[in-house]
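Structure data follow from run_25.cif (mmCIF, C-alpha atoms):
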data_protein
loop_
_atom_site.label_atom_id
_atom_site.label_comp_id
_atom_site.auth_asym_id
_atom_site.auth_seq_id
_atom_site.Cartn_x
_atom_site.Cartn_y
_atom_site.Cartn_z
CA MET E 2 -15.97 23.55 -6.75
CA ARG E 3 -16.79 21.02 -4.07
CA THR E 4 -14.07 19.69 -1.78
CA ILE E 5 -14.04 16.02 -0.85
CA ASP E 6 -12.39 15.77 2.55
CA LYS E 7 -13.68 12.71 4.38
CA LEU E 8 -13.44 8.94 3.93
CA LEU E 9 -16.15 6.91 5.61
CA GLY E 10 -14.95 3.96 7.65
CA ALA E 11 -16.34 0.46 7.22
CA HIS E 12 -18.06 0.75 10.63
CA ILE E 13 -20.40 3.38 9.21
CA LYS E 14 -23.25 1.55 7.54
CA LEU E 15 -25.09 3.27 4.72
CA ALA E 16 -28.23 2.19 2.93
CA PRO E 17 -27.23 0.39 -0.31
CA VAL E 18 -29.54 2.67 -2.28
CA LEU E 19 -27.58 5.75 -1.12
CA ILE E 20 -24.28 4.22 -2.22
CA LYS E 21 -25.76 3.15 -5.54
CA ARG E 22 -27.08 6.63 -6.25
CA ALA E 23 -23.82 8.38 -5.29
CA PRO E 24 -21.78 9.84 -8.16
CA THR E 25 -18.63 7.88 -8.89
CA LEU E 26 -14.97 8.87 -9.09
CA THR E 27 -12.89 6.47 -11.21
CA LEU E 28 -9.17 6.58 -10.47
CA ALA E 29 -6.11 4.49 -11.30
CA PHE E 30 -3.92 3.23 -8.45
CA ASP E 31 -1.40 6.09 -8.55
CA ALA E 32 -4.19 8.67 -8.30
CA ARG E 33 -5.85 6.76 -5.44
CA CYS E 34 -2.65 7.23 -3.43
CA LYS E 35 -2.70 11.02 -3.57
CA SER E 36 -4.15 12.93 -0.65
CA ARG E 37 -4.34 16.15 -2.70
CA LEU E 38 -5.84 15.84 -6.15
CA ALA E 39 -7.88 17.85 -8.63
CA ALA E 40 -10.25 15.30 -10.13
CA THR E 41 -13.34 14.99 -12.30
CA LEU E 42 -16.28 12.84 -11.27
CA ASP E 43 -17.57 10.42 -13.89
CA GLY E 44 -20.53 12.73 -14.38
CA GLY E 45 -18.23 15.60 -15.37
CA GLU E 46 -18.14 17.61 -12.13
CA GLU E 47 -14.73 18.94 -11.12
CA VAL E 48 -13.82 18.41 -7.46
CA ALA E 49 -10.86 18.86 -5.14
CA LEU E 50 -9.74 15.83 -3.16
CA VAL E 51 -8.24 16.79 0.22
CA LEU E 52 -7.70 13.76 2.46
CA PRO E 53 -5.33 12.91 5.33
CA ARG E 54 -1.80 12.24 4.12
CA GLY E 55 -1.14 8.53 3.57
CA THR E 56 -4.71 7.69 2.60
CA VAL E 57 -4.96 5.01 -0.09
CA LEU E 58 -8.39 4.76 -1.66
CA ARG E 59 -9.80 1.40 -2.66
CA ASP E 60 -12.56 0.33 -4.99
CA GLY E 61 -15.90 0.83 -3.28
CA ASP E 62 -14.75 3.40 -0.71
CA VAL E 63 -17.29 6.10 0.05
CA LEU E 64 -16.17 9.72 0.35
CA VAL E 65 -18.01 12.71 1.73
CA ALA E 66 -17.84 16.19 0.20
CA ASP E 67 -17.97 19.45 2.17
CA ASP E 68 -21.66 19.81 1.33
CA GLY E 69 -22.47 16.36 2.76
CA GLY E 70 -22.79 14.66 -0.62
CA LEU E 71 -21.46 11.14 -1.10
CA VAL E 72 -19.00 9.99 -3.76
CA ARG E 73 -18.14 6.36 -4.47
CA VAL E 74 -14.61 5.39 -5.54
CA VAL E 75 -14.14 3.08 -8.52
CA ALA E 76 -10.77 1.49 -9.31
CA ALA E 77 -10.00 2.18 -12.97
CA PRO E 78 -8.77 -0.60 -15.25
CA GLU E 79 -5.09 -0.14 -16.05
CA SER E 80 -2.26 -2.02 -17.69
CA VAL E 81 -1.09 -4.72 -15.28
CA LEU E 82 0.69 -8.06 -15.27
CA TYR E 83 -1.58 -10.92 -14.20
CA VAL E 84 0.61 -13.68 -12.80
CA ARG E 85 -0.37 -17.30 -12.27
CA ALA E 86 1.67 -20.41 -11.60
CA PRO E 87 1.35 -24.20 -11.97
CA ASP E 88 1.81 -24.68 -8.23
CA VAL E 89 1.82 -22.81 -4.93
CA LEU E 90 5.61 -22.94 -4.55
CA THR E 91 6.20 -21.17 -7.86
CA LEU E 92 3.68 -18.46 -7.01
CA THR E 93 5.25 -18.03 -3.57
CA ARG E 94 8.73 -17.70 -5.10
CA ALA E 95 7.37 -15.11 -7.52
CA ALA E 96 5.87 -13.11 -4.66
CA TYR E 97 9.14 -13.36 -2.72
CA HIS E 98 11.25 -11.98 -5.56
CA LEU E 99 8.79 -9.17 -6.22
CA GLY E 100 8.86 -8.31 -2.52
CA ASN E 101 12.63 -8.11 -2.61
CA ARG E 102 12.26 -5.42 -5.25
CA HIS E 103 9.70 -3.48 -3.18
CA THR E 104 7.19 -3.85 -6.00
CA PRO E 105 3.54 -3.08 -5.15
CA VAL E 106 1.67 -6.38 -5.63
CA GLU E 107 -1.97 -7.36 -5.41
CA VAL E 108 -2.14 -10.81 -3.83
CA GLY E 109 -5.00 -13.15 -4.68
CA ALA E 110 -5.70 -16.74 -3.71
CA ASP E 111 -4.13 -18.05 -6.92
CA TYR E 112 -2.70 -14.99 -8.67
CA LEU E 113 -0.46 -11.96 -8.31
CA LYS E 114 -1.04 -8.65 -10.02
CA LEU E 115 1.44 -5.82 -10.51
CA GLU E 116 1.93 -2.75 -12.64
CA TYR E 117 3.17 -3.54 -16.14
CA ASP E 118 6.95 -3.89 -16.28
CA PRO E 119 8.63 -5.90 -19.09
CA VAL E 120 11.73 -6.62 -16.99
CA LEU E 121 9.68 -8.08 -14.15
CA ALA E 122 7.55 -9.98 -16.64
CA ASP E 123 10.68 -11.68 -17.98
CA MET E 124 11.91 -12.49 -14.46
CA LEU E 125 8.56 -14.05 -13.54
CA LYS E 126 8.49 -16.17 -16.67
CA ARG E 127 12.00 -17.44 -15.90
CA LEU E 128 10.73 -18.48 -12.48
CA GLY E 129 8.11 -20.65 -14.18
CA ALA E 130 5.07 -18.39 -13.80
CA SER E 131 2.64 -17.49 -16.58
CA VAL E 132 2.34 -13.76 -17.18
CA ASP E 133 -0.34 -11.91 -19.14
CA GLN E 134 -0.58 -8.20 -19.78
CA VAL E 135 -4.22 -7.20 -19.19
CA GLU E 136 -6.39 -4.19 -18.42
CA MET E 137 -7.79 -4.65 -14.91
CA PRO E 138 -8.28 -2.64 -11.70
CA PHE E 139 -5.19 -2.76 -9.49
CA GLN E 140 -5.39 -2.88 -5.69
CA PRO E 141 -2.03 -3.91 -4.22
CA GLU E 142 -1.18 -4.68 -0.65
CA THR E 143 -0.16 -1.47 1.07
CA GLY E 144 1.88 -2.77 3.96
CA ALA E 145 1.23 -4.26 7.38
CA TYR E 146 4.20 -2.66 9.16
CA GLY E 147 3.53 0.93 8.28
CA GLY E 148 -0.13 1.18 9.15
CA GLY E 149 -0.22 4.71 7.75
CA HIS E 150 -0.59 3.64 4.14
CA ARG E 151 -3.21 1.03 4.79
CA HIS E 152 -6.82 1.49 5.76
CA GLY E 153 -7.60 0.61 9.36
CA HIS E 154 -10.90 -0.79 8.13
CA ASP E 155 -9.31 -3.47 5.95
CA GLU E 156 -10.59 -6.85 7.14
CA THR E 157 -7.13 -8.23 7.81
CA PHE E 158 -5.50 -5.02 9.02
CA ALA E 159 -5.82 -5.66 12.74
CA GLU E 160 -4.43 -9.19 12.50
CA ASP E 161 -1.60 -8.22 10.14
CA TYR E 162 -0.60 -5.20 12.19
CA ALA E 163 -0.68 -7.09 15.48
CA LEU E 164 1.48 -9.85 14.04
CA ALA E 165 3.92 -7.37 12.53
CA GLN E 166 4.25 -5.50 15.82
CA GLN E 167 4.78 -8.76 17.71
CA VAL E 168 7.55 -9.87 15.37
CA TYR E 169 9.16 -6.44 15.44
CA GLY E 170 9.04 -6.39 19.23
CA GLU E 171 10.61 -9.84 19.51
CA HIS E 172 13.53 -8.83 17.32
CA HIS E 173 14.08 -5.31 18.60
CA GLY E 174 13.01 -5.73 22.19
CA GLN E 175 13.78 -9.11 23.72
CA ALA E 176 16.43 -10.09 21.21
CA HIS E 177 18.36 -6.84 21.64
CA PRO E 178 17.98 -5.59 25.22
CA HIS E 179 19.39 -2.11 25.71
CA ASP E 180 19.71 -2.11 29.50
CA HIS E 181 22.89 -4.17 29.72
CA ASP E 182 26.35 -2.69 30.18
CA HIS E 183 28.87 -2.81 27.35
CA ALA E 184 32.56 -3.24 27.96
CA HIS E 185 33.04 -0.54 25.35
CA SER E 186 30.55 2.28 25.34
CA HIS E 187 29.08 3.63 22.12
CA ASP E 188 26.97 6.74 21.95
CA HIS E 189 24.95 6.83 18.78
CA ALA E 190 23.33 9.96 17.48
CA HIS E 191 20.69 9.00 14.96
CA ASP E 192 19.51 11.53 12.45
CA HIS E 193 16.74 10.03 10.35
CA ASP E 194 15.63 11.77 7.20
CA HIS E 195 12.54 10.12 5.75
CA ASP E 196 11.23 10.99 2.36
CA HIS E 197 8.22 8.78 1.66
CA SER E 198 6.67 9.10 -1.76
CA GLU E 199 3.00 8.38 -2.27
CA CYS E 200 1.83 4.75 -2.02
CA GLY E 201 5.21 3.53 -0.82
CA HIS E 202 6.71 3.19 -4.29
CA ASP E 203 9.97 4.81 -3.28
CA HIS E 204 11.36 5.05 0.22
CA ASP E 205 14.47 7.12 0.72
CA HIS E 206 15.82 6.55 4.21
CA GLY E 207 18.84 8.62 5.09
CA HIS E 208 20.58 7.31 8.22
CA HIS E 209 23.45 9.33 9.61
CA HIS E 210 25.32 7.74 12.50
CA ALA E 211 27.75 9.86 14.50
CA ARG E 212 29.94 7.66 16.68
CA ARG E 213 31.88 9.06 19.57
#

Will you turn the file into structure tokens for me?
Amino acid sequence: MRTIDKLLGAHIKLAPVLIKRAPTLTLAFDARCKSRLAATLDGGEEVALVLPRGTVLRDGDVLVADDGGLVRVVAAPESVLYVRAPDVLTLTRAAYHLGNRHTPVEVGADYLKLEYDPVLADMLKRLGASVDQVEMPFQPETGAYGGGHRHGHDETFAEDYALAQQVYGEHHGQAHPHDHDHAHSHDHAHDHDHDHSECGHDHDHGHHHARR
């Protein structure tokens, strides 16, 4: 069984004919989030996917097997909600409320796409959006803050990450300087337990603060 253990970056240019001839691996979104996966290529070959933790594969990505062979990733159609709105404000409000629920969302110029959920479908309709259940590939945003769950070769990654870091720095650096003296001293011991599930669906942050 071949092992697929490398993802080619966008800076590596391959001849289109090589990519076209490469066998394909069709995966739904949940499977494209897994760094360890037993999979079957579309041609029937069984392979083992072993990639760096936090890798999220996207449609069109090119992988390299341990024998040097190429494999092209295809995003599988899956049951999703395709959301449109009569105006930009309604679509923005829909995106805002989905973000509040930490729902993975694919953001288009005039649409939103998310995994099928009847409760969220009802909420979106109440906000004034039109919602259709369809079978389509799903490629949600994977986060600008984290960096680890998003490909560094995404076109907007550098800009998004730089902006996120700037905003974070403004709020946690200049806005809250730590070199000033307090009239009452607090020593905080922070014990952070992070349990991140694949693709950022569930984030369990345990924060234990011991105050003396």

**OP:** Would you mind telling me which residue in E:Asp133, E:Val72, E:Asn101, E:Tyr117 lies nearest to Leu19 in chain E when using all atoms listed in the file?
**Re:** E:Val72

Subject >> Interatomic distance (Å, one decimal) between CA of Cys34 in chain E and CA of Met137 in chain E >> reply: 17.3 Å

**OP:** Show which residues sit within 10 Å of Arg22 in chain E, as an MDAnalysis selection string. Count only C-alpha atoms, and ignore same-chain residues fewer than 5 positions away.
**Re:** chainID E and resid 17 71:73

**OP:** Taking the file as shown, find all residues satisfying the PyMOL selection byres ((chain E and resi 67) around 8) and write them as an NGL selection string.
**Re:** :E and (3-6 or 65-66 or 68-70)

Subject >> Straight-line distance linking CA of Gly109 in chain E with CA of Asp31 in chain E, stated in Å to one decimal >> reply: 20.0 Å
